[in-house]
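Student: What follows is structure.tsv, TSV, C-alpha atoms.
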```tsv
chain	number	residue	atom	x	y	z
A	1	MET	CA	-9.72	3.39	-10.19
A	2	THR	CA	-9.08	5.84	-13.02
A	3	TYR	CA	-9.00	9.61	-12.64
A	4	GLU	CA	-12.16	9.84	-14.73
A	5	GLU	CA	-13.93	7.48	-12.32
A	6	PHE	CA	-12.79	9.41	-9.25
A	7	ILE	CA	-13.74	12.77	-10.74
A	8	ALA	CA	-17.23	11.39	-11.42
A	9	GLU	CA	-17.43	10.25	-7.80
A	10	TRP	CA	-16.21	13.64	-6.61
A	11	GLU	CA	-18.87	15.43	-8.62
A	12	SER	CA	-21.64	13.11	-7.39
A	13	PRO	CA	-24.20	14.30	-4.77
A	14	SER	CA	-22.65	12.15	-2.03
A	15	ASP	CA	-20.91	14.07	0.76
A	16	ARG	CA	-18.23	11.38	1.14
A	17	CYS	CA	-15.65	9.59	-1.03
A	18	ARG	CA	-14.57	5.96	-0.87
A	19	VAL	CA	-10.82	5.68	-0.22
A	20	ARG	CA	-8.51	2.81	0.66
A	21	THR	CA	-5.71	2.82	3.21
A	22	SER	CA	-2.20	1.92	2.04
A	23	GLY	CA	-1.90	-1.50	3.70
A	24	SER	CA	1.60	-0.84	5.04
A	25	THR	CA	0.79	-2.65	8.29
A	26	GLY	CA	-1.88	-5.06	7.13
A	27	THR	CA	-4.71	-5.55	4.64
A	28	PRO	CA	-5.85	-2.29	3.00
A	29	LYS	CA	-9.31	-1.24	4.12
A	30	GLU	CA	-11.94	1.00	2.62
A	31	ILE	CA	-13.10	4.06	4.52
A	32	LEU	CA	-15.38	6.98	3.74
A	33	LEU	CA	-13.82	10.45	3.86
A	34	PRO	CA	-15.97	13.59	4.16
A	35	LYS	CA	-15.67	15.74	1.07
A	36	ASP	CA	-15.57	18.79	3.33
A	37	LEU	CA	-12.33	17.53	4.91
A	38	MET	CA	-10.83	16.88	1.48
A	39	ILE	CA	-11.79	20.39	0.31
A	40	ARG	CA	-10.16	22.00	3.35
A	41	SER	CA	-7.00	19.93	2.84
A	42	ALA	CA	-6.85	20.82	-0.86
A	43	LYS	CA	-7.26	24.55	-0.22
A	44	ARG	CA	-4.53	24.42	2.41
A	45	THR	CA	-2.05	22.84	-0.01
A	46	ASN	CA	-2.96	25.21	-2.84
A	47	THR	CA	-2.40	28.16	-0.53
A	48	PHE	CA	0.92	26.83	0.80
A	49	PHE	CA	2.36	26.39	-2.72
A	50	ARG	CA	0.66	29.56	-4.04
A	51	LEU	CA	-1.26	27.75	-6.76
A	52	SER	CA	-3.66	30.22	-8.35
A	53	ALA	CA	-6.49	29.61	-10.81
A	54	GLY	CA	-5.22	28.25	-14.13
A	55	ALA	CA	-2.01	26.78	-12.71
A	56	HIS	CA	-1.03	23.42	-14.18
A	57	ILE	CA	-0.54	20.44	-11.83
A	58	HIS	CA	0.36	16.88	-12.83
A	59	SER	CA	0.08	13.49	-11.14
A	60	CYS	CA	2.44	10.55	-11.68
A	61	ILE	CA	0.55	8.46	-9.11
A	62	ALA	CA	-2.65	6.45	-9.35
A	63	ALA	CA	-6.10	7.72	-8.44
A	64	ASP	CA	-6.46	4.60	-6.28
A	65	PHE	CA	-4.49	6.31	-3.52
A	66	ILE	CA	-5.31	9.40	-1.48
A	67	GLY	CA	-2.33	11.27	-2.95
A	68	GLY	CA	-3.73	10.85	-6.44
A	69	LYS	CA	-7.33	11.62	-5.47
A	70	MET	CA	-6.26	14.80	-3.71
A	71	MET	CA	-4.56	16.08	-6.87
A	72	ALA	CA	-7.97	15.98	-8.55
A	73	VAL	CA	-9.59	17.70	-5.56
A	74	ARG	CA	-6.93	20.45	-5.56
A	75	ALA	CA	-7.63	21.05	-9.24
A	76	SER	CA	-11.37	21.18	-8.62
A	77	VAL	CA	-11.40	23.60	-5.69
A	78	GLY	CA	-8.60	25.79	-7.04
A	79	GLU	CA	-9.70	25.90	-10.69
A	80	LEU	CA	-6.36	24.37	-11.66
A	81	THR	CA	-5.50	22.42	-14.81
A	82	LEU	CA	-4.90	18.75	-13.96
A	83	THR	CA	-3.06	16.22	-16.12
A	84	TRP	CA	-1.98	12.72	-15.20
A	85	GLU	CA	-0.17	9.67	-16.51
A	86	SER	CA	-0.15	5.93	-15.82
A	87	PRO	CA	2.12	5.21	-12.82
A	88	SER	CA	5.54	3.98	-13.87
A	89	SER	CA	9.13	3.89	-12.62
A	90	ARG	CA	9.92	5.87	-15.78
A	91	PRO	CA	7.63	8.94	-15.61
A	92	GLU	CA	7.05	10.61	-18.96
A	93	ILE	CA	6.61	14.12	-17.58
A	94	LEU	CA	10.00	15.54	-18.66
A	95	THR	CA	9.39	14.65	-22.31
A	96	ARG	CA	5.64	15.23	-22.30
A	97	PHE	CA	5.93	18.81	-21.03
A	98	GLU	CA	9.43	19.67	-22.22
A	99	GLY	CA	10.14	23.36	-21.70
A	100	ARG	CA	6.86	24.04	-19.85
A	101	LEU	CA	6.80	21.85	-16.78
A	102	PRO	CA	3.76	22.02	-14.47
A	103	ALA	CA	3.75	24.17	-11.35
A	104	LEU	CA	3.40	21.10	-9.12
A	105	VAL	CA	4.03	17.40	-9.73
A	106	ALA	CA	2.96	14.60	-7.37
A	107	LEU	CA	4.99	11.40	-7.36
A	108	VAL	CA	6.46	8.74	-5.07
A	109	PRO	CA	10.17	8.55	-4.13
A	110	ALA	CA	10.73	5.48	-6.32
A	111	GLN	CA	9.99	7.62	-9.40
A	112	MET	CA	12.43	10.39	-8.51
A	113	PRO	CA	15.69	8.65	-9.59
A	114	PHE	CA	14.46	8.51	-13.20
A	115	ILE	CA	13.56	12.20	-13.06
A	116	LEU	CA	17.02	13.06	-11.73
A	117	ASP	CA	18.68	10.93	-14.42
A	118	HIS	CA	16.88	12.88	-17.16
A	119	LEU	CA	16.80	16.46	-15.89
A	120	PRO	CA	17.09	19.08	-18.65
A	121	GLU	CA	20.25	21.17	-18.63
A	122	GLU	CA	18.27	24.26	-17.69
A	123	GLY	CA	16.81	22.47	-14.67
A	124	CYS	CA	13.17	22.46	-13.58
A	125	GLY	CA	12.64	26.11	-12.73
A	126	ASP	CA	10.14	26.64	-9.94
A	127	THR	CA	8.33	23.33	-10.35
A	128	VAL	CA	7.38	21.80	-6.99
A	129	TRP	CA	7.95	18.04	-6.73
A	130	LEU	CA	5.63	16.68	-4.04
A	131	LEU	CA	6.89	13.34	-2.73
A	132	GLY	CA	4.69	11.05	-0.65
A	133	GLY	CA	3.75	7.45	-0.03
A	134	SER	CA	7.01	6.29	1.51
A	135	ALA	CA	10.18	7.57	3.16
A	136	ILE	CA	13.03	9.17	1.19
A	137	ASP	CA	16.32	7.36	1.74
A	138	PRO	CA	19.47	9.42	2.44
A	139	GLY	CA	21.06	8.64	-0.93
A	140	LEU	CA	18.06	9.95	-2.87
A	141	ARG	CA	17.79	12.96	-0.56
A	142	HIS	CA	21.42	13.81	-1.35
A	143	ARG	CA	20.84	13.49	-5.11
A	144	ILE	CA	17.77	15.75	-4.97
A	145	THR	CA	19.70	18.36	-3.00
A	146	GLU	CA	22.70	18.26	-5.36
A	147	ALA	CA	20.39	18.69	-8.37
A	148	GLY	CA	18.76	21.77	-6.85
A	149	VAL	CA	15.27	20.35	-7.35
A	150	ASN	CA	12.47	22.06	-5.39
A	151	ALA	CA	11.16	18.87	-3.76
A	152	TRP	CA	8.98	18.55	-0.67
A	153	GLU	CA	8.42	15.53	1.55
A	154	THR	CA	4.96	14.97	2.97
A	155	TYR	CA	3.62	13.50	6.19
A	156	GLY	CA	0.03	12.39	6.36
A	157	MET	CA	-2.29	9.46	5.75
A	158	THR	CA	-5.49	8.48	4.07
A	159	GLU	CA	-7.53	9.31	7.17
A	160	THR	CA	-6.22	12.91	7.23
A	161	ALA	CA	-7.01	13.48	3.52
A	162	SER	CA	-3.35	13.47	2.48
A	163	HIS	CA	-0.54	15.44	4.15
A	164	ILE	CA	-0.86	17.53	7.30
A	165	ALA	CA	2.84	18.49	7.43
A	166	LEU	CA	5.69	19.19	5.01
A	167	ARG	CA	9.45	19.57	4.93
A	168	ARG	CA	11.76	20.58	2.10
A	169	VAL	CA	13.88	17.62	0.99
A	170	SER	CA	17.05	19.73	0.71
A	171	ASP	CA	16.77	20.61	4.42
A	172	GLY	CA	17.96	17.07	5.23
A	173	ASP	CA	16.55	15.23	8.20
A	174	SER	CA	14.85	18.34	9.51
A	175	ARG	CA	11.57	18.33	11.38
A	176	PHE	CA	8.22	18.31	9.64
A	177	SER	CA	6.26	21.54	10.02
A	178	PRO	CA	2.49	21.17	10.45
A	179	LEU	CA	0.19	23.08	8.14
A	180	PRO	CA	-2.34	25.63	9.44
A	181	ASP	CA	-5.27	24.31	11.49
A	182	VAL	CA	-3.30	21.23	12.58
A	183	ASP	CA	-2.72	20.63	16.30
A	184	LEU	CA	-0.37	17.88	17.43
A	185	SER	CA	0.24	16.07	20.70
A	186	LEU	CA	1.60	12.73	21.94
A	187	THR	CA	-0.03	9.81	23.72
A	188	SER	CA	1.56	8.45	26.89
A	189	GLU	CA	3.26	5.85	24.66
A	190	GLY	CA	4.78	8.58	22.47
A	191	CYS	CA	2.46	8.19	19.46
A	192	LEU	CA	1.48	11.26	17.44
A	193	VAL	CA	-2.08	12.60	17.82
A	194	ILE	CA	-3.46	14.78	15.00
A	195	GLU	CA	-6.36	17.19	15.46
A	196	GLN	CA	-7.78	19.19	12.56
A	197	TYR	CA	-11.19	20.66	11.83
A	198	GLY	CA	-12.73	18.97	14.85
A	199	GLU	CA	-11.40	15.49	13.98
A	200	ARG	CA	-8.93	13.67	16.25
A	201	ILE	CA	-6.76	10.81	14.99
A	202	VAL	CA	-4.41	8.80	17.19
A	203	THR	CA	-1.68	7.41	14.96
A	204	ASN	CA	0.71	4.51	15.51
A	205	ASP	CA	3.66	6.74	14.62
A	206	LEU	CA	6.20	7.24	17.40
A	207	ALA	CA	7.30	10.86	17.23
A	208	ASP	CA	9.66	13.44	18.70
A	209	LEU	CA	7.43	16.50	19.08
A	210	ALA	CA	8.92	19.93	19.83
A	211	ALA	CA	7.21	22.78	21.67
A	212	ASP	CA	6.76	24.70	18.39
A	213	GLY	CA	4.77	21.82	16.88
A	214	THR	CA	7.49	20.57	14.54
A	215	PHE	CA	8.25	16.87	14.74
A	216	ARG	CA	10.26	13.86	13.57
A	217	ILE	CA	8.84	10.39	13.06
A	218	LEU	CA	10.84	7.72	14.90
A	219	GLY	CA	8.94	4.66	13.66
A	220	ARG	CA	5.64	2.86	14.15
A	221	ALA	CA	4.57	1.46	17.49
A	222	ASP	CA	2.98	-1.55	15.79
A	223	ASN	CA	6.26	-2.33	14.00
A	224	VAL	CA	8.24	-2.73	17.22
A	225	ILE	CA	9.80	-6.19	17.51
A	226	ILE	CA	10.19	-7.78	20.93
A	227	THR	CA	13.24	-10.03	21.06
A	228	GLY	CA	14.59	-11.55	24.25
A	229	GLY	CA	12.22	-9.33	26.22
A	230	ARG	CA	13.66	-6.13	24.68
A	231	LYS	CA	11.87	-3.78	22.27
A	232	VAL	CA	13.55	-2.99	18.95
A	233	ASN	CA	12.38	-0.23	16.62
A	234	PRO	CA	13.08	-1.59	13.10
A	235	GLU	CA	12.92	1.85	11.44
A	236	LYS	CA	15.65	3.13	13.77
A	237	VAL	CA	17.86	0.14	12.96
A	238	GLU	CA	17.18	0.48	9.23
A	239	ALA	CA	17.99	4.20	9.18
A	240	THR	CA	21.30	3.55	10.95
A	241	LEU	CA	22.34	0.67	8.72
A	242	ASN	CA	21.19	2.20	5.44
A	243	ASP	CA	23.67	5.03	6.01
A	244	ALA	CA	26.47	2.87	7.37
A	245	LEU	CA	26.24	0.13	4.73
A	246	ARG	CA	25.88	2.24	1.59
A	247	PRO	CA	29.71	2.42	1.03
A	248	PHE	CA	29.75	-1.40	0.84
A	249	GLY	CA	27.23	-1.57	-2.00
A	250	VAL	CA	24.13	-2.27	0.10
A	251	GLU	CA	21.18	-0.40	-1.39
A	252	GLU	CA	18.51	-0.83	1.29
A	253	VAL	CA	17.81	-2.94	4.36
A	254	MET	CA	14.72	-4.17	6.21
A	255	LEU	CA	14.64	-5.66	9.71
A	256	ILE	CA	12.10	-8.40	10.37
A	257	GLY	CA	11.31	-10.66	13.30
A	258	GLU	CA	10.87	-14.41	12.81
A	259	ALA	CA	9.29	-16.68	15.43
A	260	ASP	CA	11.98	-18.26	17.58
A	261	GLU	CA	11.71	-20.59	20.59
A	262	LYS	CA	14.56	-18.90	22.45
A	263	TRP	CA	14.18	-15.21	21.52
A	264	GLY	CA	10.43	-14.99	20.90
A	265	SER	CA	11.28	-13.06	17.73
A	266	ARG	CA	14.64	-13.59	16.05
A	267	LEU	CA	16.02	-10.50	14.30
A	268	VAL	CA	16.79	-11.01	10.60
A	269	LEU	CA	18.18	-8.28	8.32
A	270	LEU	CA	17.11	-8.42	4.68
A	271	MET	CA	19.19	-6.38	2.25
A	272	THR	CA	19.46	-5.59	-1.44
A	273	ALA	CA	22.86	-4.96	-3.03
A	274	GLY	CA	23.85	-3.26	-6.25
A	275	GLU	CA	25.99	-4.63	-9.03
A	276	GLY	CA	29.70	-4.99	-8.31
A	277	HIS	CA	29.38	-5.69	-4.60
A	278	ASP	CA	31.67	-8.18	-2.87
A	279	ASP	CA	30.86	-11.88	-2.95
A	280	SER	CA	28.07	-12.83	-0.58
A	281	ALA	CA	30.21	-14.26	2.20
A	282	THR	CA	32.50	-11.21	2.31
A	283	LEU	CA	29.61	-8.74	2.19
A	284	LEU	CA	27.68	-10.53	4.93
A	285	ALA	CA	30.76	-10.52	7.17
A	286	LYS	CA	31.18	-6.76	6.65
A	287	VAL	CA	27.50	-6.16	7.36
A	288	GLY	CA	27.78	-8.07	10.61
A	289	ASP	CA	30.80	-6.01	11.69
A	290	VAL	CA	29.02	-2.74	10.85
A	291	ALA	CA	25.89	-3.79	12.73
A	292	ARG	CA	27.84	-4.67	15.87
A	293	ASN	CA	29.69	-1.34	15.73
A	294	HIS	CA	26.63	0.85	15.14
A	295	LEU	CA	23.78	-0.80	17.02
A	296	ASP	CA	22.96	-1.51	20.63
A	297	ARG	CA	23.63	-5.12	21.54
A	298	HIS	CA	19.96	-6.15	21.63
A	299	GLU	CA	19.40	-4.57	18.19
A	300	VAL	CA	22.05	-6.63	16.36
A	301	PRO	CA	20.43	-9.11	13.94
A	302	LYS	CA	20.99	-12.82	14.37
A	303	GLU	CA	21.01	-13.42	10.61
A	304	TYR	CA	21.70	-11.46	7.42
A	305	ARG	CA	20.20	-12.27	4.02
A	306	ILE	CA	20.79	-10.76	0.58
A	307	VAL	CA	17.52	-10.69	-1.38
A	308	GLY	CA	16.54	-9.59	-4.87
A	309	SER	CA	13.98	-7.10	-3.60
A	310	LEU	CA	12.23	-6.04	-0.41
A	311	PRO	CA	8.49	-6.62	0.04
A	312	ARG	CA	6.46	-3.49	-0.67
A	313	THR	CA	2.88	-2.29	-0.75
A	314	PRO	CA	1.48	-1.01	-4.09
A	315	ASN	CA	2.49	2.59	-3.25
A	316	GLY	CA	6.08	1.70	-2.37
A	317	LYS	CA	6.13	1.39	1.42
A	318	LEU	CA	7.95	-1.52	3.03
A	319	LYS	CA	5.38	-4.22	3.68
A	320	ARG	CA	5.84	-5.45	7.24
A	321	ARG	CA	2.76	-7.66	7.51
A	322	GLY	CA	1.80	-10.73	5.49
```
Output the file's structure in the form of structure tokens.
Tutor:
Amino acid sequence: MTYEEFIAEWESPSDRCRVRTSGSTGTPKEILLPKDLMIRSAKRTNTFFRLSAGAHIHSCIAADFIGGKMMAVRASVGELTLTWESPSSRPEILTRFEGRLPALVALVPAQMPFILDHLPEEGCGDTVWLLGGSAIDPGLRHRITEAGVNAWETYGMTETASHIALRRVSDGDSRFSPLPDVDLSLTSEGCLVIEQYGERIVTNDLADLAADGTFRILGRADNVIITGGRKVNPEKVEATLNDALRPFGVEEVMLIGEADEKWGSRLVLLMTAGEGHDDSATLLAKVGDVARNHLDRHEVPKEYRIVGSLPRTPNGKLKRRG
């Protein structure tokens, strides 16, 4: 879908918009979101970032996704000026708006390295870089912090009309803070429950929720792998190993479970490595040593594989289902 097509849908008499979920845990599905919910969400974001009428906002992400659609809604309800570009790993924004960057830019984490590689000497001023769609790895978080970029990480989903909580990237692995009119709780299994404007959504996200409403996401309940009768949270394992393996040239890891007669699911670690890393045998031996030193015994993979790339959904999330 193009931005022109979505804007036409937004301006139509219908009280709902067609949106598609990301497909991070299965086949993307189409749902209908109330325009009233999208308006409330847009106003909340505009208020948080103090975007007043006439402010310029720019999208580096497609209108197919809720993050892109909501940029158009924010412009509509706030009388903002919206521009956009075709999604690319090499965003054109720094050259297109040289010297007069927009007040807010929406993009995914995979686009941020190119931005950081081409920052102007004078920096980006007060421009807000709104990052969503997938997690920000520690290496990128460090680069953003060192560059002094005013970047914010979002938490939300299609069903909530984009983000319901934010945290500043430079604050490290801090807790997300919910936006106004958002109430949070946990199910008995530890999954986050979101209530806003009379709507209640039970997520599959395992969370650590504090008394003040701030929270951390620990992983997804439907991603848990059962191996040898023990539950393993792949996101927890990946976060641990991504940090521990970076000095050895490993760029990113992904833990999967493969059917196994003995274990039920056999843990396999997929990894990508940058140029100049050790030969495969040496690197795999080091990875095994690190895993045994940093993980609980039942979390240690049975096999390690170097791959060219990790499977991802169209908006950059690790794809954990066929």
Student: Please provide the set of residues having any atom within 12 Å of Gly219 in chain A, restricted to only C-alpha atoms, with same-chain residues fewer than 4 positions apart removed, written as a PDB file with C-alpha atoms, in the frame of the given file.
Tutor:
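The resulting file, result34.pdb, is reproduced below:
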```pdb
ATOM      1  CA  ALA A 135      10.180   7.570   3.160  1.00  0.00           C
ATOM      2  CA  GLY A 190       4.780   8.580  22.470  1.00  0.00           C
ATOM      3  CA  CYS A 191       2.460   8.190  19.460  1.00  0.00           C
ATOM      4  CA  LEU A 192       1.480  11.260  17.440  1.00  0.00           C
ATOM      5  CA  THR A 203      -1.680   7.410  14.960  1.00  0.00           C
ATOM      6  CA  ASN A 204       0.710   4.510  15.510  1.00  0.00           C
ATOM      7  CA  ASP A 205       3.660   6.740  14.620  1.00  0.00           C
ATOM      8  CA  LEU A 206       6.200   7.240  17.400  1.00  0.00           C
ATOM      9  CA  ALA A 207       7.300  10.860  17.230  1.00  0.00           C
ATOM     10  CA  ASP A 208       9.660  13.440  18.700  1.00  0.00           C
ATOM     11  CA  ASN A 223       6.260  -2.330  14.000  1.00  0.00           C
ATOM     12  CA  VAL A 224       8.240  -2.730  17.220  1.00  0.00           C
ATOM     13  CA  ILE A 225       9.800  -6.190  17.510  1.00  0.00           C
ATOM     14  CA  VAL A 232      13.550  -2.990  18.950  1.00  0.00           C
ATOM     15  CA  ASN A 233      12.380  -0.230  16.620  1.00  0.00           C
ATOM     16  CA  PRO A 234      13.080  -1.590  13.100  1.00  0.00           C
ATOM     17  CA  GLU A 235      12.920   1.850  11.440  1.00  0.00           C
ATOM     18  CA  LYS A 236      15.650   3.130  13.770  1.00  0.00           C
ATOM     19  CA  VAL A 237      17.860   0.140  12.960  1.00  0.00           C
ATOM     20  CA  GLU A 238      17.180   0.480   9.230  1.00  0.00           C
ATOM     21  CA  ALA A 239      17.990   4.200   9.180  1.00  0.00           C
TER      22      ALA A 239
END
```
Student: Looking at all atoms listed in the file, which of A:Ile226, A:Leu209, A:Ala103, A:Val182 is the one that sits closest to Trp129 in chain A?
Tutor: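 Closest to Trp129 in chain A of all the choices is A:Ala103.
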Student: Padding 6 Å on each side, edges along x, y and z: where is the centre of the box around the listed atoms of range 207-221 of chain A, and how long are its edges in Å to one decimal? Output it as lines of an AutoDock Vina configuration file.
Tutor:
```
center_x = 7.7
center_y = 13.1
center_z = 17.4
size_x = 18.3
size_y = 35.2
size_z = 20.6
```
Student: Can you list, as a ChimeraX atom specification, every protein, DNA or RNA residue that comes within 12 Å of range 281-286 of chain A when you count only C-alpha atoms, leaving out same-chain residues fewer than 2 positions away?
Tutor: /A:241,244-250,269-274,276-279,288-293,301-307
Student: Mind listing as an MDAnalysis selection string all residues within 12 Å of (-15.3, 17.8, 4.4), counting all atoms listed in the file?
Tutor: chainID A and resid 10 14:17 32:43 73 159:161 196:199
Student: Measuring between all atoms listed in the file, which one of A:Tyr3, A:Phe48, A:Phe65, A:Tyr155 shows the shortest distance to Glu85 in chain A?
Tutor: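 For Glu85 in chain A, the nearest of the given residues is A:Tyr3.
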Student: Residues at most 12 Å from Phe97 in chain A, counting only C-alpha atoms, excluding those fewer than 2 positions away in the same chain, as JSON, numbers by chain?
Tutor: {"A": [56, 57, 58, 83, 84, 85, 91, 92, 93, 94, 95, 99, 100, 101, 102, 103, 105, 120, 124, 127]}
Student: As an exercise, work out the distance from CA of Gly123 in chain A to CA of Val149 in chain A in Å and give it to one decimal place.
Tutor: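 Atom-to-atom, CA of Gly123 in chain A to CA of Val149 in chain A, that is 7.8 Å.
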Student: Distance cut-off 8 Å, centre (8.4, 15.6, -3.7) in file coordinates, counting all atoms listed in the file: which residues qualify? Return them as a list in words.
Tutor: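 The residues that fall inside the cut-off are Val105, Ala106, Leu107, Val108, Pro109, Val128, Trp129, Leu130, Leu131, Gly132, Asn150, Ala151, Trp152, Glu153, Thr154 and Val169 of chain A.
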Student: Can you tell me how far CA of Gly67 in chain A sits from CA of Ser162 in chain A, in Å to one decimal?
Tutor: 5.9 Å
